[in-house]
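Asker: Handing you a structure now.
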Amino acid sequence: MSNNRILLVDDERDILDLLSYNLRKEGFEVYTAEDGLEGLRKAIELLPRLIILDYMMPQLDGLQTCLRLREEPGLRNAIVVLLSARSEWEVVRAAFKNGANEYIAKPISPVLFVNKVKHLLAS
């Protein structure tokens, strides 16, 4: 598992492009997927240190993907973050209950996002 490897999973191409651009600019090795099934497949193949999942996606949503990731022996120690425009307490609580390490609300500035990623990977 590479400490510099990040997988971003979001069904919105603009968000993937913006976040991956800013992370690559900081020297991170970034991979992307556009739905939960593709994200799960890539996570198993790449074994990223950090996996960032959009909450609402086709195929598998972020919660379902998180649960499946936690079942994979090679990914049990990966840091999983759910990213969502929804910030109700029930949604946040469900993220943690389903295995997420962190929850980030959208919209988020790219600078703040990169700083959060650096903090998560440093811990």
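Please note that chains go A, B, ... in the order of the structure tokens, that every chain numbers its residues from 1, and that ligands are numbered from 1 in the order shown.
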For Thr65 (chain A), work out the shell of residues within 10 Å, counting only C-alpha atoms and skipping chain neighbours fewer than 5 positions away, then give it as a list in words.

Answerer: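 Residues meeting the cut-off are Val9, Asp35, Gly36, Leu37, Glu38, Gly39, Leu40, Leu53, Asp54, Tyr55, Met57, Gln59, Leu60, Arg70, Asn98 and Gly99 of chain A.
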
Asker: Quick one: write out the picked residues with N, CA, C and O atoms as a CSV table (one decimal), in the first residue's frame?

Answerer:
```csv
chain,number,residue,atom,x,y,z
A,9,VAL,N,-13.4,8.6,-6.0
A,9,VAL,CA,-14.5,7.9,-6.7
A,9,VAL,C,-15.7,8.9,-6.6
A,9,VAL,O,-16.2,9.2,-5.5
A,35,ASP,N,-17.8,5.4,-10.5
A,35,ASP,CA,-18.9,4.8,-9.8
A,35,ASP,C,-18.4,3.9,-8.8
A,35,ASP,O,-17.2,3.6,-8.8
A,36,GLY,N,-19.2,3.4,-7.9
A,36,GLY,CA,-18.8,2.6,-6.8
A,36,GLY,C,-18.2,1.2,-7.2
A,36,GLY,O,-17.2,0.8,-6.7
A,37,LEU,N,-18.8,0.6,-8.3
A,37,LEU,CA,-18.2,-0.7,-8.7
A,37,LEU,C,-16.8,-0.6,-9.3
A,37,LEU,O,-15.9,-1.3,-9.0
A,38,GLU,N,-16.7,0.5,-10.1
A,38,GLU,CA,-15.3,0.7,-10.7
A,38,GLU,C,-14.4,1.1,-9.6
A,38,GLU,O,-13.2,0.7,-9.6
A,39,GLY,N,-14.8,1.9,-8.6
A,39,GLY,CA,-14.0,2.3,-7.5
A,39,GLY,C,-13.5,1.1,-6.7
A,39,GLY,O,-12.4,1.0,-6.3
A,40,LEU,N,-14.5,0.1,-6.4
A,40,LEU,CA,-14.1,-1.1,-5.7
A,40,LEU,C,-13.1,-1.9,-6.5
A,40,LEU,O,-12.1,-2.4,-5.9
A,53,LEU,N,-14.7,8.7,-1.4
A,53,LEU,CA,-16.0,8.2,-2.1
A,53,LEU,C,-17.0,9.3,-2.0
A,53,LEU,O,-17.3,9.8,-0.9
A,54,ASP,N,-17.6,9.6,-3.1
A,54,ASP,CA,-18.8,10.4,-3.1
A,54,ASP,C,-20.0,9.6,-2.5
A,54,ASP,O,-20.0,8.4,-2.6
A,55,TYR,N,-20.8,10.3,-1.8
A,55,TYR,CA,-21.9,9.6,-1.1
A,55,TYR,C,-22.9,9.0,-2.0
A,55,TYR,O,-23.4,7.9,-1.9
A,57,MET,N,-23.8,7.8,-5.7
A,57,MET,CA,-23.3,7.4,-7.0
A,57,MET,C,-24.1,6.3,-7.5
A,57,MET,O,-24.8,5.6,-6.8
A,59,GLN,N,-24.6,2.5,-9.5
A,59,GLN,CA,-24.0,1.2,-9.2
A,59,GLN,C,-24.0,0.9,-7.7
A,59,GLN,O,-25.0,0.3,-7.2
A,60,LEU,N,-23.0,1.3,-7.0
A,60,LEU,CA,-22.9,1.2,-5.6
A,60,LEU,C,-22.7,2.6,-5.0
A,60,LEU,O,-21.9,3.4,-5.5
A,70,ARG,N,-14.3,-2.5,3.2
A,70,ARG,CA,-13.9,-3.0,4.6
A,70,ARG,C,-13.8,-4.5,4.6
A,70,ARG,O,-13.2,-5.0,5.5
A,98,ASN,N,-20.7,2.8,8.8
A,98,ASN,CA,-20.4,1.9,7.7
A,98,ASN,C,-18.9,1.8,7.4
A,98,ASN,O,-18.5,1.3,6.3
A,99,GLY,N,-18.1,2.4,8.2
A,99,GLY,CA,-16.6,2.2,8.1
A,99,GLY,C,-15.8,3.3,7.7
A,99,GLY,O,-14.6,3.2,7.5
```

Asker: Could you pull out the helix (DSSP H, G or I) residues of chain A from DSSP and send them as a count of residues only?

Answerer: 58

Asker: So how many Å separate CA of Leu46 (chain A) and CA of Arg76 (chain A), to one decimal?

Answerer: 13.6 Å

Asker: Pick out the closest residue to Arg24 (chain A) from this set: A:Lys97, A:Arg86, A:Arg5, A:Arg49. Count only C-alpha atoms.

Answerer: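 Nearest candidate to Arg24 (chain A) out of A:Lys97, A:Arg86, A:Arg5, A:Arg49: A:Arg5.
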
Asker: DSSP on the backbone: what in region 5-123 of chain A comes out strand (DSSP E), as number ranges by chain?

Answerer: A: 5-9, 29-33, 48-54, 79-84, 102-105

Asker: What is the CA of Leu7 (chain A)-CA of Val91 (chain A) distance in Å, reported with one decimal?

Answerer: 21.8 Å

Asker: Can you pull out every residue within 12 Å of Asn115 (chain A), counting only C-alpha atoms, but drop anything in the same chain fewer than 5 positions away, and send it as a PyMOL selection string?

Answerer: chain A and resi 19+22-23+26+108-110+120-122

Asker: If you keep all heavy atoms, can you produce a file of those selected residues as a short mmCIF file (atom, residue, chain, number, x, y, z; two decimals), in the first residue's frame?

Answerer:
```cif
data_model
loop_
_atom_site.label_atom_id
_atom_site.label_comp_id
_atom_site.auth_asym_id
_atom_site.auth_seq_id
_atom_site.Cartn_x
_atom_site.Cartn_y
_atom_site.Cartn_z
N LEU A 19 -10.39 17.94 -8.15
CA LEU A 19 -9.70 17.41 -6.98
C LEU A 19 -8.42 16.67 -7.36
O LEU A 19 -7.38 16.83 -6.71
CB LEU A 19 -10.62 16.50 -6.17
CG LEU A 19 -11.87 17.17 -5.60
CD1 LEU A 19 -12.71 16.16 -4.83
CD2 LEU A 19 -11.53 18.37 -4.73
N ASN A 22 -5.59 19.15 -8.25
CA ASN A 22 -4.99 19.79 -7.08
C ASN A 22 -4.14 18.82 -6.25
O ASN A 22 -3.12 19.21 -5.70
CB ASN A 22 -6.07 20.46 -6.22
CG ASN A 22 -6.52 21.76 -6.84
OD1 ASN A 22 -5.85 22.77 -6.71
ND2 ASN A 22 -7.62 21.73 -7.57
N LEU A 23 -4.54 17.57 -6.17
CA LEU A 23 -3.74 16.57 -5.44
C LEU A 23 -2.46 16.23 -6.20
O LEU A 23 -1.39 16.13 -5.60
CB LEU A 23 -4.56 15.31 -5.19
CG LEU A 23 -5.69 15.46 -4.18
CD1 LEU A 23 -6.58 14.22 -4.20
CD2 LEU A 23 -5.14 15.71 -2.78
N GLU A 26 0.29 18.62 -5.81
CA GLU A 26 1.00 18.48 -4.53
C GLU A 26 1.85 17.21 -4.46
O GLU A 26 2.39 16.88 -3.42
CB GLU A 26 0.00 18.49 -3.37
CG GLU A 26 -0.71 19.81 -3.19
CD GLU A 26 0.23 20.94 -2.78
OE1 GLU A 26 1.12 20.71 -1.95
OE2 GLU A 26 0.06 22.06 -3.31
N ILE A 108 -16.26 22.08 -1.10
CA ILE A 108 -15.05 22.32 -0.31
C ILE A 108 -14.03 22.97 -1.24
O ILE A 108 -13.93 22.58 -2.41
CB ILE A 108 -14.51 21.03 0.33
CG1 ILE A 108 -13.33 21.33 1.24
CG2 ILE A 108 -14.16 19.99 -0.73
CD1 ILE A 108 -12.91 20.18 2.14
N SER A 109 -13.31 23.94 -0.73
CA SER A 109 -12.29 24.59 -1.56
C SER A 109 -11.16 23.59 -1.81
O SER A 109 -10.84 22.77 -0.94
CB SER A 109 -11.75 25.84 -0.88
OG SER A 109 -10.81 25.49 0.12
N PRO A 110 -10.56 23.64 -2.99
CA PRO A 110 -9.44 22.74 -3.29
C PRO A 110 -8.29 22.85 -2.29
O PRO A 110 -7.69 21.85 -1.92
CB PRO A 110 -9.00 23.16 -4.69
CG PRO A 110 -10.24 23.74 -5.31
CD PRO A 110 -10.94 24.43 -4.16
N LEU A 120 -4.87 13.73 6.93
CA LEU A 120 -5.28 12.33 7.05
C LEU A 120 -4.13 11.38 6.78
O LEU A 120 -3.97 10.37 7.47
CB LEU A 120 -6.43 12.03 6.09
CG LEU A 120 -7.79 12.61 6.48
CD1 LEU A 120 -8.74 12.55 5.30
CD2 LEU A 120 -8.36 11.86 7.66
N LEU A 121 -3.31 11.68 5.79
CA LEU A 121 -2.21 10.80 5.45
C LEU A 121 -1.04 10.91 6.43
O LEU A 121 -0.24 9.98 6.54
CB LEU A 121 -1.72 11.07 4.01
CG LEU A 121 -2.71 10.66 2.94
CD1 LEU A 121 -2.23 11.12 1.57
CD2 LEU A 121 -2.97 9.17 2.95
N ALA A 122 -0.99 11.99 7.17
CA ALA A 122 0.08 12.17 8.16
C ALA A 122 -0.24 11.43 9.45
O ALA A 122 0.66 11.17 10.26
CB ALA A 122 0.30 13.66 8.44
#
```

Asker: From the options A:Glu88, A:Val80, A:Ile44, A:Leu69, which residue's atoms come nearest to Leu8 (chain A), counting only C-alpha atoms?

Answerer: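 Going through A:Glu88, A:Val80, A:Ile44, A:Leu69 one by one, the smallest distance to Leu8 (chain A) is for A:Val80.
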
Asker: Which residues, written as number ranges by chain, have at least one atom at most 12 Å from Ala94 (chain A), with only C-alpha atoms counted and residues fewer than 6 positions away on the same chain left out?

Answerer: A: 55, 62-64, 66-67, 82, 86-88, 100-103

Asker: Go ahead and write the residues just picked, N, CA, C and O atoms, as a PDB file, in the first residue's frame.

Answerer:
```pdb
ATOM      1  N   TYR A  55     -20.821  10.264  -1.782  1.00  0.00           N
ATOM      2  CA  TYR A  55     -21.905   9.590  -1.057  1.00  0.00           C
ATOM      3  C   TYR A  55     -22.950   9.028  -2.013  1.00  0.00           C
ATOM      4  O   TYR A  55     -23.383   7.901  -1.862  1.00  0.00           O
ATOM      5  N   GLY A  62     -21.762   5.464  -1.998  1.00  0.00           N
ATOM      6  CA  GLY A  62     -20.582   5.560  -1.144  1.00  0.00           C
ATOM      7  C   GLY A  62     -20.635   4.656   0.074  1.00  0.00           C
ATOM      8  O   GLY A  62     -19.628   4.059   0.461  1.00  0.00           O
ATOM      9  N   LEU A  63     -21.809   4.546   0.710  1.00  0.00           N
ATOM     10  CA  LEU A  63     -21.939   3.685   1.890  1.00  0.00           C
ATOM     11  C   LEU A  63     -21.736   2.213   1.531  1.00  0.00           C
ATOM     12  O   LEU A  63     -21.008   1.491   2.223  1.00  0.00           O
ATOM     13  N   GLN A  64     -22.374   1.776   0.460  1.00  0.00           N
ATOM     14  CA  GLN A  64     -22.238   0.384   0.036  1.00  0.00           C
ATOM     15  C   GLN A  64     -20.795   0.074  -0.364  1.00  0.00           C
ATOM     16  O   GLN A  64     -20.257  -0.983  -0.028  1.00  0.00           O
ATOM     17  N   CYS A  66     -18.095   1.615   0.701  1.00  0.00           N
ATOM     18  CA  CYS A  66     -17.291   1.615   1.924  1.00  0.00           C
ATOM     19  C   CYS A  66     -17.391   0.264   2.637  1.00  0.00           C
ATOM     20  O   CYS A  66     -16.378  -0.313   3.052  1.00  0.00           O
ATOM     21  N   LEU A  67     -18.611  -0.239   2.772  1.00  0.00           N
ATOM     22  CA  LEU A  67     -18.806  -1.547   3.412  1.00  0.00           C
ATOM     23  C   LEU A  67     -18.048  -2.646   2.677  1.00  0.00           C
ATOM     24  O   LEU A  67     -17.397  -3.487   3.299  1.00  0.00           O
ATOM     25  N   LEU A  82     -15.814   9.769   3.113  1.00  0.00           N
ATOM     26  CA  LEU A  82     -17.023  10.013   2.327  1.00  0.00           C
ATOM     27  C   LEU A  82     -17.155  11.512   2.099  1.00  0.00           C
ATOM     28  O   LEU A  82     -16.945  12.312   3.016  1.00  0.00           O
ATOM     29  N   ARG A  86     -24.615  16.337   1.249  1.00  0.00           N
ATOM     30  CA  ARG A  86     -25.558  16.150   2.357  1.00  0.00           C
ATOM     31  C   ARG A  86     -24.797  16.222   3.675  1.00  0.00           C
ATOM     32  O   ARG A  86     -23.779  15.571   3.841  1.00  0.00           O
ATOM     33  N   SER A  87     -25.320  16.998   4.603  1.00  0.00           N
ATOM     34  CA  SER A  87     -24.606  17.143   5.874  1.00  0.00           C
ATOM     35  C   SER A  87     -25.502  16.890   7.092  1.00  0.00           C
ATOM     36  O   SER A  87     -25.123  17.214   8.209  1.00  0.00           O
ATOM     37  N   GLU A  88     -26.678  16.280   6.868  1.00  0.00           N
ATOM     38  CA  GLU A  88     -27.546  15.976   7.999  1.00  0.00           C
ATOM     39  C   GLU A  88     -26.837  14.960   8.906  1.00  0.00           C
ATOM     40  O   GLU A  88     -26.100  14.109   8.434  1.00  0.00           O
ATOM     41  N   ALA A 100     -16.395   4.503   7.439  1.00  0.00           N
ATOM     42  CA  ALA A 100     -15.611   5.662   7.005  1.00  0.00           C
ATOM     43  C   ALA A 100     -14.747   6.180   8.155  1.00  0.00           C
ATOM     44  O   ALA A 100     -15.150   6.127   9.313  1.00  0.00           O
ATOM     45  N   ASN A 101     -13.584   6.689   7.801  1.00  0.00           N
ATOM     46  CA  ASN A 101     -12.701   7.311   8.784  1.00  0.00           C
ATOM     47  C   ASN A 101     -12.977   8.800   8.932  1.00  0.00           C
ATOM     48  O   ASN A 101     -12.661   9.390   9.963  1.00  0.00           O
ATOM     49  N   GLU A 102     -13.537   9.396   7.880  1.00  0.00           N
ATOM     50  CA  GLU A 102     -13.758  10.842   7.869  1.00  0.00           C
ATOM     51  C   GLU A 102     -14.920  11.147   6.937  1.00  0.00           C
ATOM     52  O   GLU A 102     -15.266  10.349   6.062  1.00  0.00           O
ATOM     53  N   TYR A 103     -15.506  12.327   7.135  1.00  0.00           N
ATOM     54  CA  TYR A 103     -16.620  12.801   6.316  1.00  0.00           C
ATOM     55  C   TYR A 103     -16.319  14.237   5.930  1.00  0.00           C
ATOM     56  O   TYR A 103     -15.992  15.048   6.801  1.00  0.00           O
TER      57      TYR A 103
END
```

Asker: Between A:Ile15, A:Val30, A:Asn4, A:Tyr21, which is the closest to Leu83 (chain A) once you count only C-alpha atoms?

Answerer: A:Ile15
